[in-house]
>>> print(open('model_13.txt').read())   # compact mmCIF, C-alpha atoms and all ligand atoms
# COMPACT_ATOMS: atom_id res chain seq x y z
CA MET A 1 -8.59 2.33 18.60
CA GLU A 2 -7.98 -0.40 16.08
CA SER A 3 -10.06 -1.01 13.00
CA ASN A 4 -12.05 -4.05 12.53
CA VAL A 5 -10.87 -5.76 9.33
CA VAL A 6 -13.38 -8.09 7.72
CA PHE A 7 -12.37 -10.52 4.95
CA THR A 8 -15.33 -11.43 2.81
CA ASN A 9 -16.53 -11.57 -0.75
CA TYR A 10 -20.04 -10.65 0.45
CA VAL A 11 -19.23 -6.95 0.50
CA ALA A 12 -22.83 -5.72 0.52
CA GLU A 13 -23.65 -7.83 3.60
CA ALA A 14 -20.61 -6.47 5.40
CA ILE A 15 -21.68 -2.90 4.57
CA GLU A 16 -25.21 -3.55 5.83
CA GLU A 17 -23.74 -4.87 9.08
CA VAL A 18 -21.78 -1.67 9.64
CA VAL A 19 -24.84 0.41 8.83
CA SER A 20 -27.00 -1.45 11.31
CA ALA A 21 -24.36 -1.00 14.02
CA VAL A 22 -23.60 2.68 13.31
CA LYS A 23 -27.12 3.77 12.32
CA PRO A 24 -25.80 6.73 10.33
CA SER A 25 -27.94 9.80 9.64
CA LYS A 26 -26.85 9.67 6.00
CA VAL A 27 -24.53 7.51 3.89
CA PHE A 28 -21.95 8.76 1.36
CA VAL A 29 -19.77 6.78 -1.04
CA LEU A 30 -16.46 8.15 -2.29
CA VAL A 31 -15.15 6.76 -5.59
CA ASP A 32 -12.77 7.91 -8.30
CA GLU A 33 -13.82 7.96 -11.95
CA ASN A 34 -12.45 4.43 -12.48
CA THR A 35 -13.98 2.79 -9.43
CA GLN A 36 -17.22 4.63 -10.18
CA GLU A 37 -17.33 2.54 -13.33
CA ALA A 38 -15.67 -0.70 -12.21
CA ALA A 39 -16.70 -1.15 -8.58
CA LEU A 40 -19.69 1.03 -7.70
CA PRO A 41 -22.28 -0.80 -9.87
CA VAL A 42 -21.23 -4.14 -8.34
CA VAL A 43 -21.93 -2.89 -4.82
CA GLN A 44 -24.97 -0.80 -5.79
CA SER A 45 -26.65 -3.86 -7.31
CA GLN A 46 -26.27 -5.75 -4.02
CA SER A 47 -26.72 -3.11 -1.35
CA ASP A 48 -29.77 -0.90 -0.84
CA THR A 49 -27.69 1.31 1.42
CA VAL A 50 -25.17 1.99 -1.34
CA LYS A 51 -27.93 2.36 -3.94
CA GLY A 52 -29.49 5.11 -1.81
CA ALA A 53 -26.19 6.77 -0.86
CA THR A 54 -24.90 10.12 -2.11
CA VAL A 55 -21.95 9.44 -4.42
CA ILE A 56 -18.90 11.73 -4.42
CA VAL A 57 -16.57 11.29 -7.41
CA VAL A 58 -12.96 12.48 -7.57
CA LYS A 59 -10.40 12.30 -10.37
CA PRO A 60 -8.19 9.18 -10.28
CA GLY A 61 -4.45 9.01 -9.68
CA ASP A 62 -1.99 9.97 -6.98
CA GLU A 63 -1.59 13.44 -8.52
CA ASN A 64 -5.22 14.07 -7.48
CA LYS A 65 -4.68 13.01 -3.86
CA ASN A 66 -4.43 16.72 -3.14
CA LEU A 67 -5.97 19.64 -1.32
CA GLU A 68 -8.26 20.50 -4.20
CA SER A 69 -9.89 17.03 -4.21
CA LEU A 70 -10.02 17.02 -0.42
CA SER A 71 -11.74 20.39 -0.38
CA TYR A 72 -14.19 19.11 -2.98
CA ILE A 73 -15.05 16.12 -0.75
CA TRP A 74 -15.59 18.36 2.31
CA GLN A 75 -17.73 20.68 0.17
CA GLN A 76 -19.88 17.81 -1.16
CA LEU A 77 -20.34 16.39 2.33
CA GLY A 78 -21.42 19.79 3.65
CA ASP A 79 -23.66 20.67 0.71
CA SER A 80 -25.40 17.30 0.85
CA GLY A 81 -26.20 17.54 4.52
CA ALA A 82 -23.60 15.33 6.19
CA THR A 83 -23.72 15.52 9.98
CA ARG A 84 -21.40 14.21 12.69
CA HIS A 85 -23.43 10.99 12.52
CA SER A 86 -22.99 10.36 8.81
CA LEU A 87 -21.01 7.50 7.30
CA LEU A 88 -18.52 7.72 4.42
CA ILE A 89 -17.73 4.55 2.46
CA ASN A 90 -14.39 4.84 0.62
CA LEU A 91 -14.64 2.54 -2.39
CA GLY A 92 -11.41 2.59 -4.35
CA GLY A 93 -7.67 2.18 -4.41
CA GLY A 94 -5.22 3.73 -1.96
CA VAL A 95 -5.86 7.22 -3.26
CA VAL A 96 -9.56 7.01 -2.38
CA THR A 97 -9.00 5.26 0.97
CA ASP A 98 -6.17 7.63 2.06
CA MET A 99 -7.98 10.81 1.07
CA GLY A 100 -11.50 9.69 2.01
CA ALA A 101 -10.28 8.57 5.41
CA PHE A 102 -8.63 11.94 6.01
CA ALA A 103 -11.75 13.79 4.84
CA ALA A 104 -13.84 11.71 7.25
CA ALA A 105 -11.33 12.13 10.10
CA THR A 106 -11.51 15.91 9.79
CA PHE A 107 -15.07 16.72 8.66
CA LYS A 108 -16.92 18.06 11.74
CA ARG A 109 -13.98 16.69 13.80
CA GLY A 110 -14.58 13.16 12.58
CA ILE A 111 -17.38 11.11 11.09
CA HIS A 112 -17.70 7.35 10.70
CA PHE A 113 -15.96 5.79 7.72
CA VAL A 114 -15.47 2.40 6.13
CA ASN A 115 -12.72 1.48 3.68
CA VAL A 116 -13.58 -0.91 0.85
CA PRO A 117 -10.31 -1.33 -1.05
CA THR A 118 -10.70 -2.18 -4.74
CA SER A 119 -7.03 -2.47 -5.73
CA LEU A 120 -4.72 -5.21 -4.47
CA LEU A 121 -2.30 -2.60 -3.12
CA ALA A 122 -5.04 -0.90 -1.13
CA ALA A 123 -6.39 -4.24 0.13
CA VAL A 124 -3.03 -5.42 1.36
CA ASP A 125 -1.56 -2.15 2.53
CA ALA A 126 -3.16 1.30 2.11
CA SER A 127 -6.62 0.67 3.53
CA VAL A 128 -5.36 -0.89 6.78
CA GLY A 129 -3.28 0.64 9.56
CA GLY A 130 -4.77 4.06 10.22
CA LYS A 131 -2.51 6.27 8.08
CA THR A 132 -4.63 8.81 6.23
CA GLY A 133 -3.77 11.89 4.23
CA ILE A 134 -2.96 13.76 1.05
CA ASN A 135 0.09 14.95 -0.87
CA PHE A 136 0.94 18.64 -0.40
CA ASN A 137 3.58 21.13 -1.47
CA GLY A 138 5.15 18.57 -3.82
CA LEU A 139 5.60 16.07 -0.98
CA LYS A 140 3.96 12.64 -0.65
CA ASN A 141 1.57 12.23 2.29
CA GLU A 142 2.69 15.56 3.75
CA ILE A 143 -0.64 16.31 5.45
CA GLY A 144 -2.54 13.63 7.32
CA ALA A 145 -3.55 11.98 10.54
CA PHE A 146 -3.61 8.58 12.14
CA LYS A 147 -7.26 7.53 12.17
CA ASP A 148 -8.67 4.02 12.01
CA ALA A 149 -11.66 3.16 9.90
CA ASP A 150 -14.72 1.83 11.74
CA THR A 151 -14.35 -1.21 9.50
CA VAL A 152 -12.16 -2.24 6.57
CA ILE A 153 -13.90 -4.66 4.21
CA VAL A 154 -11.25 -6.62 2.31
CA SER A 155 -12.45 -8.70 -0.62
CA SER A 156 -11.12 -10.04 -3.90
CA ILE A 157 -14.22 -9.40 -6.00
CA PHE A 158 -13.00 -6.18 -7.58
CA PHE A 159 -9.70 -7.35 -9.01
CA ASN A 160 -10.91 -8.67 -12.37
CA THR A 161 -11.01 -5.10 -13.75
CA LEU A 162 -7.59 -4.24 -12.37
CA SER A 163 -4.64 -4.17 -14.81
CA ALA A 164 -1.92 -6.83 -14.63
CA THR A 165 0.52 -4.09 -13.63
CA GLU A 166 -1.67 -3.00 -10.68
CA MET A 167 -2.01 -6.65 -9.60
CA ARG A 168 1.74 -7.19 -9.65
CA SER A 169 2.30 -3.92 -7.84
CA GLY A 170 0.09 -5.09 -4.96
CA TYR A 171 1.89 -8.45 -4.96
CA GLY A 172 5.19 -6.64 -4.36
CA GLU A 173 3.87 -5.48 -0.99
CA MET A 174 2.51 -8.98 -0.28
CA LEU A 175 6.00 -10.42 -0.83
CA LYS A 176 7.34 -7.87 1.65
CA HIS A 177 4.82 -8.98 4.29
CA ALA A 178 5.71 -12.64 3.65
CA LEU A 179 9.44 -11.95 4.07
CA ILE A 180 8.66 -10.33 7.43
CA LYS A 181 6.36 -13.18 8.50
CA GLY A 182 8.07 -16.42 7.58
CA SER A 183 9.09 -18.98 4.99
CA GLU A 184 5.75 -20.77 4.72
CA MET A 185 3.92 -17.64 3.61
CA LEU A 186 6.78 -16.71 1.30
CA SER A 187 6.83 -20.05 -0.49
CA ASP A 188 3.01 -19.95 -0.78
CA LEU A 189 3.30 -16.65 -2.67
CA MET A 190 6.25 -17.73 -4.81
CA LYS A 191 4.41 -20.85 -6.00
CA GLN A 192 2.55 -18.91 -8.67
CA ASP A 193 2.12 -15.80 -10.74
CA VAL A 194 -0.35 -13.40 -9.06
CA LEU A 195 -2.46 -13.35 -12.22
CA GLU A 196 -3.19 -17.07 -11.81
CA VAL A 197 -4.61 -16.82 -8.29
CA GLY A 198 -8.37 -17.48 -8.14
CA ARG A 199 -10.82 -15.34 -6.18
CA GLU A 200 -11.28 -17.58 -3.13
CA ARG A 201 -7.60 -18.45 -2.86
CA MET A 202 -6.79 -14.73 -3.11
CA LEU A 203 -9.13 -13.97 -0.22
CA ASP A 204 -7.31 -16.59 1.89
CA LEU A 205 -3.91 -15.16 0.93
CA LEU A 206 -5.14 -11.65 1.78
CA LYS A 207 -6.37 -12.75 5.19
CA GLU A 208 -2.95 -14.11 6.15
CA ASN A 209 -1.04 -11.33 4.48
CA VAL A 210 -2.95 -8.36 5.88
CA GLY A 211 -2.66 -10.08 9.26
CA VAL A 212 1.09 -9.40 9.16
CA LYS A 213 0.53 -5.66 8.86
CA GLN A 214 -2.30 -5.69 11.43
CA GLU A 215 -0.11 -7.44 13.99
CA ILE A 216 2.74 -4.97 13.55
CA VAL A 217 0.48 -1.92 13.54
CA SER A 218 -1.39 -3.05 16.64
CA GLN A 219 1.92 -3.17 18.54
CA ASP A 220 3.15 0.17 17.18
CA PRO A 221 0.25 2.22 15.80
CA THR A 222 2.13 5.53 15.44
CA GLU A 223 5.47 4.28 14.07
CA LYS A 224 7.74 4.55 17.09
CA GLY A 225 9.65 1.31 16.55
CA LEU A 226 8.40 -2.02 15.25
CA ARG A 227 6.34 -0.44 12.47
CA LYS A 228 9.69 0.26 10.76
CA ALA A 229 9.59 -3.42 9.81
CA LEU A 230 7.12 -2.43 7.11
CA ASN A 231 9.88 -0.33 5.56
CA LEU A 232 11.62 -3.44 4.27
CA GLY A 233 12.50 -2.85 0.61
CA HIS A 234 11.39 0.77 0.82
CA THR A 235 14.63 2.72 1.39
CA THR A 236 15.89 1.40 -1.95
CA GLY A 237 12.39 1.22 -3.45
CA HIS A 238 11.76 4.94 -2.86
CA ALA A 239 15.19 5.79 -4.32
CA PHE A 240 14.41 3.74 -7.46
CA GLU A 241 10.98 5.42 -7.71
CA SER A 242 12.60 8.87 -7.48
CA LEU A 243 15.22 7.98 -10.09
CA ALA A 244 12.54 6.60 -12.44
CA LEU A 245 10.50 9.76 -11.97
CA LYS A 246 13.54 11.88 -12.78
CA ARG A 247 14.03 9.82 -15.95
CA LYS A 248 10.39 10.64 -16.76
CA SER A 249 9.42 6.98 -16.85
CA PRO A 250 7.81 6.29 -13.49
CA ILE A 251 7.52 2.76 -12.12
CA PRO A 252 4.59 1.51 -9.99
CA HIS A 253 5.25 1.63 -6.25
CA GLY A 254 4.98 -2.14 -5.70
CA TYR A 255 7.47 -2.82 -8.51
CA ALA A 256 9.92 -0.41 -6.91
CA VAL A 257 9.40 -2.24 -3.61
CA ALA A 258 10.04 -5.61 -5.27
CA TYR A 259 13.36 -4.38 -6.73
CA GLY A 260 14.13 -2.72 -3.40
CA LEU A 261 13.56 -6.05 -1.65
CA VAL A 262 16.23 -7.66 -3.83
CA VAL A 263 18.80 -4.98 -2.94
CA GLU A 264 17.92 -5.10 0.74
CA LEU A 265 18.07 -8.90 0.86
CA ILE A 266 21.56 -8.63 -0.66
CA LEU A 267 22.46 -6.17 2.11
CA SER A 268 20.90 -8.65 4.57
CA VAL A 269 23.23 -11.38 3.24
CA MET A 270 26.22 -9.04 3.55
CA LYS A 271 25.41 -7.59 6.97
CA GLN A 272 23.05 -9.94 8.80
CA GLY A 273 23.93 -13.46 7.64
CA PHE A 274 20.70 -13.87 5.65
CA PRO A 275 20.98 -17.13 3.63
CA SER A 276 22.23 -16.31 0.17
CA GLU A 277 20.30 -19.19 -1.53
CA THR A 278 17.05 -17.68 -0.24
CA MET A 279 18.04 -14.24 -1.53
CA GLN A 280 18.80 -15.80 -4.92
CA LYS A 281 15.41 -17.61 -5.00
CA VAL A 282 13.50 -14.42 -4.21
CA ALA A 283 15.54 -12.46 -6.77
CA ASN A 284 14.74 -15.10 -9.43
CA TYR A 285 11.03 -14.93 -8.64
CA ILE A 286 11.04 -11.13 -8.77
CA TYR A 287 12.97 -11.11 -12.04
CA GLU A 288 10.49 -13.60 -13.57
CA ASN A 289 7.45 -11.60 -12.46
CA PHE A 290 8.58 -7.98 -12.37
CA ARG A 291 11.69 -8.00 -14.58
CA ALA A 292 14.27 -5.46 -13.39
CA PHE A 293 14.80 -1.75 -12.88
CA ALA A 294 17.82 -1.01 -15.05
CA ILE A 295 20.69 0.91 -13.47
CA THR A 296 24.38 1.36 -14.26
CA CYS A 297 27.25 2.22 -11.93
CA ASP A 298 26.86 5.84 -13.05
CA ASP A 299 23.52 5.92 -11.18
CA TYR A 300 24.91 4.74 -7.84
CA ASP A 301 25.72 8.16 -6.35
CA GLU A 302 22.32 9.51 -7.27
CA ILE A 303 20.53 6.46 -5.81
CA ILE A 304 22.49 6.85 -2.57
CA ASP A 305 21.67 10.57 -2.53
CA PHE A 306 17.97 9.77 -2.81
CA MET A 307 18.33 7.25 0.03
CA ARG A 308 20.06 9.85 2.17
CA HIS A 309 17.25 12.33 1.64
CA ASP A 310 14.66 9.77 2.67
CA LYS A 311 13.01 11.17 5.80
CA LYS A 312 14.18 8.27 7.93
CA ASN A 313 17.85 9.15 7.49
CA VAL A 314 19.31 11.72 9.81
CA ASP A 315 22.94 10.63 9.81
CA ALA A 316 24.74 11.35 6.53
CA SER A 317 27.60 8.82 6.80
CA ALA A 318 25.51 5.64 6.99
CA ILE A 319 22.04 4.90 5.68
CA ASN A 320 19.29 3.21 7.69
CA PHE A 321 17.61 0.06 6.48
CA THR A 322 15.24 -2.51 7.82
CA LEU A 323 17.04 -5.79 7.06
CA LEU A 324 16.48 -9.47 7.84
CA LYS A 325 18.60 -12.10 9.58
CA ASN A 326 16.45 -14.71 7.91
CA VAL A 327 12.92 -14.93 6.50
CA GLY A 328 10.73 -13.92 9.44
CA GLU A 329 13.64 -12.56 11.53
CA LEU A 330 13.90 -8.78 11.55
CA ALA A 331 17.03 -6.69 11.97
CA LEU A 332 15.50 -3.25 12.58
CA ASP A 333 17.72 -0.15 12.58
CA SER A 334 20.47 -1.67 10.45
CA THR A 335 22.82 0.65 8.61
CA ALA A 336 25.05 0.36 5.56
CA THR A 337 27.88 2.56 4.31
CA THR A 338 27.96 3.92 0.79
CA ASP A 339 30.62 1.35 -0.19
CA GLU A 340 28.43 -1.48 1.08
CA ILE A 341 25.43 -0.11 -0.82
CA LYS A 342 27.49 0.14 -4.02
CA ALA A 343 28.62 -3.47 -3.58
CA ALA A 344 24.98 -4.51 -3.08
CA LEU A 345 23.92 -2.64 -6.23
CA ASP A 346 26.67 -4.49 -8.18
CA ILE A 347 25.21 -7.80 -6.99
CA TYR A 348 21.66 -6.58 -7.75
CA ARG A 349 22.70 -5.97 -11.38
CA ASP A 350 24.23 -9.40 -11.48
CA VAL A 351 21.25 -11.35 -10.06
CA MET A 352 18.76 -9.29 -12.08
CA HIS A 353 20.64 -9.83 -15.35
CA ILE A 354 21.32 -6.12 -16.00
N1 LIG A 401 -2.14 4.64 4.13
C1 LIG A 401 -1.17 3.76 3.92
O1 LIG A 401 -0.69 3.11 4.83
C2 LIG A 401 -0.70 3.54 2.51
C3 LIG A 401 0.11 2.45 2.21
C4 LIG A 401 0.48 2.23 0.89
C5 LIG A 401 0.07 3.11 -0.10
N2 LIG A 401 -0.71 4.19 0.23
C6 LIG A 401 -1.18 5.12 -0.80
O2 LIG A 401 -2.01 4.41 -1.70
C7 LIG A 401 -1.94 4.99 -2.99
C8 LIG A 401 -1.65 3.90 -3.99
O3 LIG A 401 -2.69 2.96 -3.96
P1 LIG A 401 -3.24 2.29 -5.30
O4 LIG A 401 -2.13 1.62 -6.00
O5 LIG A 401 -4.45 1.53 -4.95
O6 LIG A 401 -3.57 3.59 -6.16
P2 LIG A 401 -4.88 4.15 -6.84
O7 LIG A 401 -5.93 4.40 -5.84
O8 LIG A 401 -4.44 5.29 -7.66
O9 LIG A 401 -5.35 2.94 -7.77
C9 LIG A 401 -4.60 2.59 -8.90
C10 LIG A 401 -5.44 2.74 -10.18
O10 LIG A 401 -6.35 1.65 -10.25
C11 LIG A 401 -7.68 2.16 -10.38
N3 LIG A 401 -8.54 1.18 -9.75
C12 LIG A 401 -8.66 0.92 -8.42
N4 LIG A 401 -9.46 -0.15 -8.24
C13 LIG A 401 -9.84 -0.57 -9.46
C14 LIG A 401 -10.65 -1.64 -9.92
N5 LIG A 401 -11.20 -2.53 -9.09
N6 LIG A 401 -10.83 -1.77 -11.25
C15 LIG A 401 -10.24 -0.91 -12.13
N7 LIG A 401 -9.47 0.10 -11.76
C16 LIG A 401 -9.27 0.28 -10.43
C17 LIG A 401 -7.65 3.53 -9.78
O11 LIG A 401 -8.67 4.34 -10.26
C18 LIG A 401 -6.27 4.02 -10.22
O12 LIG A 401 -6.32 4.47 -11.54
C19 LIG A 401 -0.85 6.06 -2.93
O13 LIG A 401 -1.45 7.33 -2.81
C20 LIG A 401 -0.09 5.70 -1.65
O14 LIG A 401 0.51 6.83 -1.05
C21 LIG A 401 -1.10 4.40 1.51
ZN ZN A 402 4.91 0.51 0.09
>>> encode(input="model_13.txt", output="structure tokens")
Amino acid sequence: MESNVVFTNYVAEAIEEVVSAVKPSKVFVLVDENTQEAALPVVQSQSDTVKGATVIVVKPGDENKNLESLSYIWQQLGDSGATRHSLLINLGGGVVTDMGAFAAATFKRGIHFVNVPTSLLAAVDASVGGKTGINFNGLKNEIGAFKDADTVIVSSIFFNTLSATEMRSGYGEMLKHALIKGSEMLSDLMKQDVLEVGRERMLDLLKENVGVKQEIVSQDPTEKGLRKALNLGHTTGHAFESLALKRKSPIPHGYAVAYGLVVELILSVMKQGFPSETMQKVANYIYENFRAFAITCDDYDEIIDFMRHDKKNVDASAINFTLLKNVGELALDSTATTDEIKAALDIYRDVMHI
């Protein structure tokens, strides 16, 4: 099953439509403490369904996407009389949509749920594609299931309370989708700073951008092949995130992805004939908007070690990457040796002024 993704700034109307189709026995809304304040009143003031719904509130942040919060959600659903015919509306960032979706997928073997992403990252990535779950045993997304929402309601009305850092982080993933899709979408995104994009224009950009993920996911829902395309920038991005965490100064995921894109476009130039002027243009844009993640040559071995421990890498001698032959032309299952990665990291430091 594939979810129905609706792009609209009339969120309440879209919710009422789902409710009249599903006819749930009871409606629940899951928020975190931040979206309870920033997003819930907006929807409550417009939707009688949401006004009358039972609200479940969890603590914000990825560190709370855990078994304790999940158990709390199940408990609240049970205590408040949720049945197999109830509906859960997940109103929040990726933490709320990932965890709420998993709670709904498992409560009484599955109840209806709707994702209403309120962060740019959740709108463009987390809320769409059917991956649900929680962190467990110190590992990200260790427990979960593939389960599509009944409907995902993507809008741009919630972003005015989102920090500039969260906006840029979401834009990092949008740049990734554009690089996968083609040069027109990429140049559309690189025309401006994300903070300057108006509400209606943002909704249009989201429609096109989320479409890239939807198309890939619909062809490969359970990550057997093509879905690896969405890994672009992530082998390096995850390694940078891990290094930043070890330095005790974490970087937002979408920033790590943006820096990872630069490294992986350099590898694309080296290994797949990707045009070097385009790589340079993207690197300039990312430097202007995200600055750089600072590394020295003393960090190289550790970065490569993190890459090697990434779950997608089984072979120790070469590391797997999703690369590009050109904007919009994928080179799935590419590999690079440690020497090639070190050379790419040298160039990264050069183009990112480190
Ligand atoms: N399922 C997937 O395919 C997928 C893909 C990418 C990321 N993810 C997951 O998504 C999560 C990251 O998503 P995220 O960046 O949205 O994190 P998040 O849910 O933690 O949101 C970021 C912060 O912004 C706050 N917030 C959200 N909307 C707001 C609003 N409108 N106004 C003010 N504050 C708001 C949140 O409370 C939180 O503090 C991670 O857990 C990641 O693993 C999942
Ligand atoms: Zn990502």
>>> residues_near_ligand(input="model_13.txt", ligand="ligand ZN 402 (chain A)", cutoff="9 Å", atoms="all atoms listed in the file", output="number ranges by chain")
A: 121, 125-126, 170, 172-173, 176, 230-234, 237-238, 253-254, 256-257
>>> closest_residue(input="model_13.txt", among="A:Thr322, A:Gln76, A:Asn209, A:Asn64", to="A:Val128", atoms="only C-alpha atoms")
A:Asn209
>>> residues_around(input="model_13.txt", residues="A:Ala164", least_positions_apart="2", cutoff="12 Å", atoms="all atoms listed in the file", output="PDB file with C-alpha atoms, keeping the file's coordinate frame")
ATOM      1  CA  SER A 119      -7.030  -2.470  -5.730  1.00  0.00           C
ATOM      2  CA  LEU A 120      -4.720  -5.210  -4.470  1.00  0.00           C
ATOM      3  CA  PHE A 159      -9.700  -7.350  -9.010  1.00  0.00           C
ATOM      4  CA  ASN A 160     -10.910  -8.670 -12.370  1.00  0.00           C
ATOM      5  CA  THR A 161     -11.010  -5.100 -13.750  1.00  0.00           C
ATOM      6  CA  LEU A 162      -7.590  -4.240 -12.370  1.00  0.00           C
ATOM      7  CA  GLU A 166      -1.670  -3.000 -10.680  1.00  0.00           C
ATOM      8  CA  MET A 167      -2.010  -6.650  -9.600  1.00  0.00           C
ATOM      9  CA  ARG A 168       1.740  -7.190  -9.650  1.00  0.00           C
ATOM     10  CA  SER A 169       2.300  -3.920  -7.840  1.00  0.00           C
ATOM     11  CA  GLY A 170       0.090  -5.090  -4.960  1.00  0.00           C
ATOM     12  CA  TYR A 171       1.890  -8.450  -4.960  1.00  0.00           C
ATOM     13  CA  ASP A 193       2.120 -15.800 -10.740  1.00  0.00           C
ATOM     14  CA  VAL A 194      -0.350 -13.400  -9.060  1.00  0.00           C
ATOM     15  CA  LEU A 195      -2.460 -13.350 -12.220  1.00  0.00           C
ATOM     16  CA  GLU A 196      -3.190 -17.070 -11.810  1.00  0.00           C
ATOM     17  CA  PRO A 252       4.590   1.510  -9.990  1.00  0.00           C
ATOM     18  CA  TYR A 255       7.470  -2.820  -8.510  1.00  0.00           C
ATOM     19  CA  ASN A 289       7.450 -11.600 -12.460  1.00  0.00           C
ATOM     20  CA  PHE A 290       8.580  -7.980 -12.370  1.00  0.00           C
TER      21      PHE A 290
END
>>> residues_around(input="model_13.txt", residues="A:Arg199", least_positions_apart="2", cutoff="10 Å", atoms="only C-alpha atoms", output="PyMOL selection string")
chain A and resi 9+155-160+196-197+201-205
>>> atom_distance(input="model_13.txt", atom1="atom CA of A:Leu91", atom2="atom CA of A:Met190")
29.2 Å
>>> closest_residue(input="model_13.txt", among="A:Ala318, A:Ile303, A:Ala331, A:Ala283", to="A:Ile347", atoms="only C-alpha atoms")
A:Ala283
>>> atom_distance(input="model_13.txt", atom1="atom CA of A:Ile56", atom2="atom CA of A:Phe28")
7.2 Å
>>> closest_residue(input="model_13.txt", among="A:Leu226, A:Val212, A:Val95, A:Ala145", to="ligand LIG 401 (chain A)", atoms="only C-alpha atoms and all ligand atoms")
A:Val95
>>> residues_near_point(input="model_13.txt", point="(2.1, -1.1, 13.4)", cutoff="7 Å", atoms="all atoms listed in the file", output="NGL selection string")
:A and (129 or 213-223 or 226-227)
>>> residues_around(input="model_13.txt", residues="A:Asp299", least_positions_apart="2", cutoff="12 Å", atoms="all atoms listed in the file", output="mmCIF file with C-alpha atoms, in the coordinates of the input")
data_model
loop_
_atom_site.group_PDB
_atom_site.id
_atom_site.type_symbol
_atom_site.label_atom_id
_atom_site.label_comp_id
_atom_site.auth_asym_id
_atom_site.auth_seq_id
_atom_site.Cartn_x
_atom_site.Cartn_y
_atom_site.Cartn_z
ATOM 1 C CA ALA A 239 15.190 5.790 -4.320
ATOM 2 C CA PHE A 240 14.410 3.740 -7.460
ATOM 3 C CA SER A 242 12.600 8.870 -7.480
ATOM 4 C CA LEU A 243 15.220 7.980 -10.090
ATOM 5 C CA ALA A 244 12.540 6.600 -12.440
ATOM 6 C CA LYS A 246 13.540 11.880 -12.780
ATOM 7 C CA ARG A 247 14.030 9.820 -15.950
ATOM 8 C CA PHE A 293 14.800 -1.750 -12.880
ATOM 9 C CA ALA A 294 17.820 -1.010 -15.050
ATOM 10 C CA ILE A 295 20.690 0.910 -13.470
ATOM 11 C CA THR A 296 24.380 1.360 -14.260
ATOM 12 C CA CYS A 297 27.250 2.220 -11.930
ATOM 13 C CA ASP A 301 25.720 8.160 -6.350
ATOM 14 C CA GLU A 302 22.320 9.510 -7.270
ATOM 15 C CA ILE A 303 20.530 6.460 -5.810
ATOM 16 C CA ILE A 304 22.490 6.850 -2.570
ATOM 17 C CA ASP A 305 21.670 10.570 -2.530
ATOM 18 C CA PHE A 306 17.970 9.770 -2.810
ATOM 19 C CA LYS A 342 27.490 0.140 -4.020
ATOM 20 C CA LEU A 345 23.920 -2.640 -6.230
ATOM 21 C CA ASP A 346 26.670 -4.490 -8.180
ATOM 22 C CA ARG A 349 22.700 -5.970 -11.380
#
>>> closest_residue(input="model_13.txt", among="A:Ala103, A:Ala122, A:Val55, A:Ile153", to="ligand LIG 401 (chain A)", atoms="only C-alpha atoms and all ligand atoms")
A:Ala122
>>> atom_distance(input="model_13.txt", atom1="atom O9 of ligand LIG 401 (chain A)", atom2="atom CA of A:Ile111")
23.8 Å
>>> residues_around(input="model_13.txt", residues="A:Gly144", least_positions_apart="2", cutoff="10 Å", atoms="all atoms listed in the file", output="list in words")
Asp98, Met99, Ala101, Phe102, Ala103, Ala105, Thr106, Lys131, Thr132, Gly133, Ile134, Asn135, Phe136, Asn141, Glu142, Phe146 and Lys147 of chain A
>>> write_last_selection(input="model_13.txt", atoms="C-alpha atoms", output="mmCIF file, in the frame of the given file")
data_model
loop_
_atom_site.group_PDB
_atom_site.id
_atom_site.type_symbol
_atom_site.label_atom_id
_atom_site.label_comp_id
_atom_site.auth_asym_id
_atom_site.auth_seq_id
_atom_site.Cartn_x
_atom_site.Cartn_y
_atom_site.Cartn_z
ATOM 1 C CA ASP A 98 -6.170 7.630 2.060
ATOM 2 C CA MET A 99 -7.980 10.810 1.070
ATOM 3 C CA ALA A 101 -10.280 8.570 5.410
ATOM 4 C CA PHE A 102 -8.630 11.940 6.010
ATOM 5 C CA ALA A 103 -11.750 13.790 4.840
ATOM 6 C CA ALA A 105 -11.330 12.130 10.100
ATOM 7 C CA THR A 106 -11.510 15.910 9.790
ATOM 8 C CA LYS A 131 -2.510 6.270 8.080
ATOM 9 C CA THR A 132 -4.630 8.810 6.230
ATOM 10 C CA GLY A 133 -3.770 11.890 4.230
ATOM 11 C CA ILE A 134 -2.960 13.760 1.050
ATOM 12 C CA ASN A 135 0.090 14.950 -0.870
ATOM 13 C CA PHE A 136 0.940 18.640 -0.400
ATOM 14 C CA ASN A 141 1.570 12.230 2.290
ATOM 15 C CA GLU A 142 2.690 15.560 3.750
ATOM 16 C CA PHE A 146 -3.610 8.580 12.140
ATOM 17 C CA LYS A 147 -7.260 7.530 12.170
#
>>> residues_around(input="model_13.txt", residues="A:Ser187", least_positions_apart="6", cutoff="12 Å", atoms="all atoms listed in the file", output="list in words")
Met174, Leu175, Ala178, Leu179, Lys181, Leu205, Thr278, Lys281, Val282, Tyr285 and Val327 of chain A
>>> closest_residue(input="model_13.txt", among="A:Glu340, A:Glu63, A:Glu208, A:Asp79", to="ligand LIG 401 (chain A)", atoms="only C-alpha atoms and all ligand atoms")
A:Glu63
>>> closest_residue(input="model_13.txt", among="A:Leu77, A:Ile143, A:Ala82, A:Ala14", to="ligand LIG 401 (chain A)", atoms="all atoms listed in the file")
A:Ile143
